[in-house]
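A.B. asks: Supplied structure: coords18.cif, mmCIF, C-alpha atoms.
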data_query
loop_
_atom_site.group_PDB
_atom_site.id
_atom_site.type_symbol
_atom_site.label_atom_id
_atom_site.label_comp_id
_atom_site.auth_asym_id
_atom_site.auth_seq_id
_atom_site.Cartn_x
_atom_site.Cartn_y
_atom_site.Cartn_z
ATOM 1 C CA MET S 967 55.124 -65.139 73.612
ATOM 2 C CA SER S 968 56.665 -61.703 73.712
ATOM 3 C CA SER S 969 59.790 -60.789 71.786
ATOM 4 C CA GLU S 970 61.683 -60.276 75.062
ATOM 5 C CA THR S 971 61.290 -63.908 76.098
ATOM 6 C CA VAL S 972 62.340 -65.071 72.627
ATOM 7 C CA GLN S 973 65.462 -62.905 72.822
ATOM 8 C CA GLN S 974 66.271 -64.197 76.308
ATOM 9 C CA GLU S 975 65.874 -67.807 75.171
ATOM 10 C CA SER S 976 68.095 -67.282 72.140
ATOM 11 C CA GLN S 977 70.834 -65.635 74.217
ATOM 12 C CA THR S 978 71.050 -68.262 76.939
ATOM 13 C CA PRO S 979 73.898 -70.729 76.472
ATOM 14 C CA PRO S 980 73.018 -74.327 75.726
ATOM 15 C CA ILE S 981 73.137 -76.931 78.473
ATOM 16 C CA LYS S 982 76.546 -78.623 78.699
ATOM 17 C CA GLN S 983 76.390 -81.844 76.738
ATOM 18 C CA PRO S 984 79.054 -84.472 76.052
ATOM 19 C CA GLY S 985 81.114 -83.554 73.019
ATOM 20 C CA TRP S 986 80.290 -79.829 73.241
ATOM 21 C CA PRO S 987 83.072 -77.329 73.813
ATOM 22 C CA MET S 988 83.603 -76.281 77.424
ATOM 23 C CA LEU S 989 83.147 -72.606 76.660
ATOM 24 C CA PHE S 990 80.058 -71.070 75.154
ATOM 25 C CA CYS S 991 80.719 -68.101 72.961
ATOM 26 C CA PRO S 992 77.937 -66.138 71.262
ATOM 27 C CA ILE S 993 80.241 -65.076 68.432
ATOM 28 C CA SER S 994 81.066 -68.677 67.514
ATOM 29 C CA GLN S 995 77.336 -69.430 67.468
ATOM 30 C CA ILE S 996 76.798 -66.565 65.011
ATOM 31 C CA GLN S 997 79.694 -67.863 62.907
ATOM 32 C CA ASP S 998 78.178 -71.347 62.879
ATOM 33 C CA LYS S 999 74.863 -69.932 61.644
ATOM 34 C CA GLU S 1000 76.700 -68.001 58.936
ATOM 35 C CA ILE S 1001 78.573 -71.140 57.883
ATOM 36 C CA ALA S 1002 75.313 -73.100 57.720
ATOM 37 C CA ARG S 1003 73.708 -70.360 55.600
ATOM 38 C CA ILE S 1004 76.623 -70.278 53.156
ATOM 39 C CA ARG S 1005 76.700 -74.080 52.884
ATOM 40 C CA ARG S 1006 72.966 -74.158 52.165
ATOM 41 C CA GLU S 1007 73.385 -71.481 49.482
ATOM 42 C CA CYS S 1008 76.288 -73.369 47.945
ATOM 43 C CA ARG S 1009 74.335 -76.627 47.843
ATOM 44 C CA GLN S 1010 71.343 -74.987 46.199
ATOM 45 C CA GLU S 1011 73.310 -72.864 43.737
ATOM 46 C CA SER S 1012 75.646 -75.694 42.739
ATOM 47 C CA PHE S 1013 72.631 -77.886 42.053
ATOM 48 C CA TRP S 1014 70.584 -75.381 40.046
ATOM 49 C CA TYR S 1015 73.378 -73.557 38.232
ATOM 50 C CA ARG S 1016 75.931 -76.309 37.572
ATOM 51 C CA ALA S 1017 74.958 -79.892 38.446
ATOM 52 C CA LEU S 1018 71.463 -80.018 36.958
ATOM 53 C CA PRO S 1019 72.326 -78.255 33.668
ATOM 54 C CA LEU S 1020 75.476 -80.356 33.137
ATOM 55 C CA SER S 1021 73.620 -83.535 34.005
ATOM 56 C CA LEU S 1022 70.726 -82.861 31.643
ATOM 57 C CA GLY S 1023 73.051 -81.569 28.928
ATOM 58 C CA SER S 1024 75.298 -84.624 29.056
ATOM 59 C CA MET S 1025 72.268 -86.902 28.957
ATOM 60 C CA LEU S 1026 70.905 -85.094 25.890
ATOM 61 C CA VAL S 1027 74.257 -85.241 24.119
ATOM 62 C CA THR S 1028 74.561 -88.953 24.914
ATOM 63 C CA GLN S 1029 71.035 -89.583 23.604
ATOM 64 C CA GLY S 1030 71.920 -87.682 20.427
ATOM 65 C CA LEU S 1031 75.113 -89.683 19.944
ATOM 66 C CA ILE S 1032 73.200 -92.927 20.431
ATOM 67 C CA SER S 1033 70.475 -91.918 17.961
ATOM 68 C CA LYS S 1034 73.120 -90.930 15.350
ATOM 69 C CA GLY S 1035 74.786 -94.311 15.761
ATOM 70 C CA ILE S 1036 78.080 -93.022 17.211
ATOM 71 C CA PHE S 1037 77.339 -94.815 20.491
ATOM 72 C CA SER S 1038 75.508 -98.129 20.412
ATOM 73 C CA ALA S 1039 72.541 -98.819 22.629
ATOM 74 C CA SER S 1040 72.588 -101.810 24.932
ATOM 75 C CA PRO S 1041 70.624 -104.713 23.413
ATOM 76 C CA ARG S 1042 69.048 -105.514 26.763
ATOM 77 C CA PHE S 1043 68.498 -102.057 28.363
ATOM 78 C CA GLY S 1044 68.611 -99.687 25.401
ATOM 79 C CA PRO S 1045 70.158 -96.212 25.757
ATOM 80 C CA TYR S 1046 69.332 -95.817 29.447
ATOM 81 C CA PRO S 1047 72.559 -97.103 31.086
ATOM 82 C CA LYS S 1048 74.743 -94.794 29.002
ATOM 83 C CA MET S 1049 72.410 -91.871 29.653
ATOM 84 C CA ALA S 1050 72.402 -92.604 33.392
ATOM 85 C CA ILE S 1051 76.207 -92.718 33.512
ATOM 86 C CA ALA S 1052 76.403 -89.460 31.545
ATOM 87 C CA GLY S 1053 73.890 -87.864 33.929
ATOM 88 C CA ILE S 1054 75.765 -88.985 37.038
ATOM 89 C CA LEU S 1055 79.111 -87.790 35.654
ATOM 90 C CA GLY S 1056 77.601 -84.461 34.631
ATOM 91 C CA PHE S 1057 76.095 -84.044 38.088
ATOM 92 C CA ALA S 1058 79.388 -84.834 39.857
ATOM 93 C CA ILE S 1059 81.419 -82.551 37.587
ATOM 94 C CA GLY S 1060 78.875 -79.767 38.074
ATOM 95 C CA LYS S 1061 79.030 -80.056 41.859
ATOM 96 C CA MET S 1062 82.833 -80.109 41.895
ATOM 97 C CA SER S 1063 83.085 -77.180 39.504
ATOM 98 C CA TYR S 1064 81.217 -74.965 41.985
ATOM 99 C CA MET S 1065 83.649 -75.561 44.856
ATOM 100 C CA GLY S 1066 85.755 -72.517 43.946
ATOM 101 C CA GLU S 1067 82.706 -70.259 44.083
ATOM 102 C CA CYS S 1068 81.824 -71.577 47.537
ATOM 103 C CA GLN S 1069 85.343 -71.003 48.805
ATOM 104 C CA LYS S 1070 85.134 -67.412 47.543
ATOM 105 C CA LYS S 1071 81.881 -66.946 49.459
ATOM 106 C CA PHE S 1072 83.476 -68.163 52.684
ATOM 107 C CA GLN S 1073 86.518 -65.936 52.176
ATOM 108 C CA LYS S 1074 84.316 -62.950 51.358
ATOM 109 C CA SER S 1075 82.427 -63.369 54.647
ATOM 110 C CA GLY S 1076 85.710 -63.661 56.567
ATOM 111 C CA ILE S 1077 85.165 -67.258 57.658
ATOM 112 C CA LEU S 1078 87.715 -69.995 57.085
ATOM 113 C CA PRO S 1079 85.619 -73.185 57.272
ATOM 114 C CA PHE S 1080 88.319 -75.521 55.971
ATOM 115 C CA GLY S 1081 91.648 -76.467 57.460
ATOM 116 C CA PRO S 1082 93.434 -75.939 60.764
ATOM 117 C CA GLN S 1083 93.144 -72.137 60.615
ATOM 118 C CA ARG S 1084 89.468 -72.277 61.562
ATOM 119 C CA GLN S 1085 88.801 -71.183 65.121
ATOM 120 C CA ARG S 1086 85.454 -72.317 66.410
ATOM 121 C CA HIS S 1087 85.579 -70.175 69.533
ATOM 122 C CA CYS S 1088 86.046 -66.488 69.993
ATOM 123 C CA HIS S 1089 88.791 -66.629 72.632
ATOM 124 C CA HIS S 1090 90.677 -63.981 70.723
ATOM 125 C CA VAL S 1091 87.670 -61.622 70.550
ATOM 126 C CA CYS S 1092 85.286 -62.137 73.449
ATOM 127 C CA LYS S 1093 86.511 -60.854 76.846
ATOM 128 C CA GLU S 1094 84.229 -63.253 78.723
ATOM 129 C CA CYS S 1095 85.606 -66.208 76.777
ATOM 130 C CA LYS S 1096 89.168 -65.007 77.308
ATOM 131 C CA ALA S 1097 88.598 -64.727 81.068
ATOM 132 C CA LYS S 1098 86.963 -68.168 81.243
ATOM 133 C CA LEU S 1099 89.725 -69.689 79.154
ATOM 134 C CA GLY S 1100 92.359 -68.232 81.485
ATOM 135 C CA SER S 1101 90.595 -69.535 84.599
ATOM 136 C CA ASN S 1102 90.118 -72.997 83.053
ATOM 137 C CA GLU S 1103 93.801 -73.189 82.141
ATOM 138 C CA LYS S 1104 94.783 -72.275 85.707
ATOM 139 C CA GLU S 1105 92.408 -74.896 87.125
ATOM 140 C CA GLY S 1106 93.634 -77.531 84.725
ATOM 141 C CA SER S 1107 97.321 -76.900 85.366
ATOM 142 C CA ILE S 1108 99.423 -79.450 87.201
ATOM 143 C CA PRO S 1109 99.141 -78.927 90.992
ATOM 144 C CA SER S 1110 102.297 -78.298 92.954
ATOM 145 C CA ALA S 1111 103.838 -81.049 95.065
ATOM 146 C CA SER S 1112 103.268 -79.187 98.328
#
Write out the structure in this file as structure tokens.

C.D. replies:
Amino acid sequence: MSSETVQQESQTPPIKQPGWPMLFCPISQIQDKEIARIRRECRQESFWYRALPLSLGSMLVTQGLISKGIFSASPRFGPYPKMAIAGILGFAIGKMSYMGECQKKFQKSGILPFGPQRQRHCHHVCKECKAKLGSNEKEGSIPSAS
């Protein structure tokens, strides 16, 4: 396959499917790819830099407290339930603590992925989209009584 056919395929709008927006806008597609990239980065970085270290650290501290006798081990299951709870809490706290960093990444790229301010289409930028939006609004307006 030549690079020209690949470029043509990537630039053609998707087939209209139920639930898809009526207008296709190449800028919104680029924004969606950027959002997906940032989300993937945030998931990976929050796991490796916050969730995993906090989880392992809290499990080690809990094991140390159990071995020193400050926490008591379960007679039936031993130290494992307390270590599991500490690991889960550490993981959750680590994930949540990275949310601010992810929001900064989205703001830095100029994308507002959260809240009502997010515009999924480029009506305000793309002339083609603006023209199509205007024609769709005229078509969808209430017909006159004549």

A.B. asks: Have a look at CA of Arg1016 (chain S) and CA of Tyr1064 (chain S) and let me know their distance in Å, one decimal.

C.D. replies: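 These atoms are spaced 7.0 Å apart.
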
A.B. asks: Which residues match the PyMOL selection byres ((chain S and resi 1000-1014) around 8) in the file above, as a VMD selection string?

C.D. replies: chain S and resid 996 to 999 1015 to 1019 1060 to 1061 1064 1068 1071 to 1072 1077 1079

A.B. asks: Tell me which residues the PyMOL selection byres ((chain S and resi 1021) around 10) grabs here, as a list in words.

C.D. replies: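 Checked against the file, the PyMOL selection byres ((chain S and resi 1021) around 10) matches Phe1013, Arg1016, Ala1017, Leu1018, Pro1019, Leu1020, Leu1022, Gly1023, Ser1024, Met1025, Leu1026, Met1049, Ala1050, Ile1051, Ala1052, Gly1053, Ile1054, Leu1055, Gly1056, Phe1057, Ala1058, Ile1059 and Gly1060 of chain S.
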
A.B. asks: In Å, how far is it from CA of Lys1048 (chain S) to CA of Gly1030 (chain S)?

C.D. replies: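 If I compute the distance from CA of Lys1048 (chain S) to CA of Gly1030 (chain S), I get 11.5 Å.
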
A.B. asks: Please compute the CA of Val1027 (chain S)-CA of Ser1063 (chain S) distance, one decimal, in Å.

C.D. replies: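 Interatomic distance here is 19.5 Å.
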
A.B. asks: Could you model N, CA, C and O atoms for region 1061-1072 of chain S and present them as an mmCIF file, in the coordinates of the input?

C.D. replies:
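As a result, result23.cif now contains:
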data_model
loop_
_atom_site.group_PDB
_atom_site.id
_atom_site.type_symbol
_atom_site.label_atom_id
_atom_site.label_comp_id
_atom_site.auth_asym_id
_atom_site.auth_seq_id
_atom_site.Cartn_x
_atom_site.Cartn_y
_atom_site.Cartn_z
ATOM 1 N N LYS S 1061 78.859 -80.330 40.428
ATOM 2 C CA LYS S 1061 79.030 -80.056 41.859
ATOM 3 C C LYS S 1061 80.467 -79.653 42.164
ATOM 4 O O LYS S 1061 80.729 -78.701 42.895
ATOM 5 N N MET S 1062 81.423 -80.403 41.624
ATOM 6 C CA MET S 1062 82.833 -80.109 41.895
ATOM 7 C C MET S 1062 83.260 -78.775 41.286
ATOM 8 O O MET S 1062 84.097 -78.078 41.852
ATOM 9 N N SER S 1063 82.676 -78.423 40.157
ATOM 10 C CA SER S 1063 83.085 -77.180 39.504
ATOM 11 C C SER S 1063 82.636 -75.943 40.276
ATOM 12 O O SER S 1063 83.149 -74.853 40.054
ATOM 13 N N TYR S 1064 81.715 -76.104 41.206
ATOM 14 C CA TYR S 1064 81.217 -74.965 41.985
ATOM 15 C C TYR S 1064 81.983 -74.770 43.291
ATOM 16 O O TYR S 1064 81.759 -73.801 44.007
ATOM 17 N N MET S 1065 82.918 -75.663 43.590
ATOM 18 C CA MET S 1065 83.649 -75.561 44.856
ATOM 19 C C MET S 1065 84.418 -74.249 44.978
ATOM 20 O O MET S 1065 84.478 -73.661 46.055
ATOM 21 N N GLY S 1066 85.014 -73.779 43.906
ATOM 22 C CA GLY S 1066 85.755 -72.517 43.946
ATOM 23 C C GLY S 1066 84.869 -71.342 44.310
ATOM 24 O O GLY S 1066 85.268 -70.459 45.070
ATOM 25 N N GLU S 1067 83.650 -71.333 43.766
ATOM 26 C CA GLU S 1067 82.706 -70.259 44.083
ATOM 27 C C GLU S 1067 82.342 -70.277 45.569
ATOM 28 O O GLU S 1067 82.231 -69.232 46.203
ATOM 29 N N CYS S 1068 82.162 -71.471 46.117
ATOM 30 C CA CYS S 1068 81.824 -71.577 47.537
ATOM 31 C C CYS S 1068 82.983 -71.105 48.406
ATOM 32 O O CYS S 1068 82.761 -70.423 49.410
ATOM 33 N N GLN S 1069 84.191 -71.462 48.038
ATOM 34 C CA GLN S 1069 85.343 -71.003 48.805
ATOM 35 C C GLN S 1069 85.446 -69.488 48.776
ATOM 36 O O GLN S 1069 85.766 -68.857 49.778
ATOM 37 N N LYS S 1070 85.131 -68.881 47.639
ATOM 38 C CA LYS S 1070 85.134 -67.412 47.543
ATOM 39 C C LYS S 1070 84.088 -66.801 48.468
ATOM 40 O O LYS S 1070 84.327 -65.765 49.082
ATOM 41 N N LYS S 1071 82.926 -67.449 48.562
ATOM 42 C CA LYS S 1071 81.881 -66.946 49.459
ATOM 43 C C LYS S 1071 82.334 -66.978 50.913
ATOM 44 O O LYS S 1071 82.083 -66.044 51.665
ATOM 45 N N PHE S 1072 82.976 -68.067 51.311
ATOM 46 C CA PHE S 1072 83.476 -68.163 52.684
ATOM 47 C C PHE S 1072 84.552 -67.109 52.944
ATOM 48 O O PHE S 1072 84.554 -66.458 53.978
#
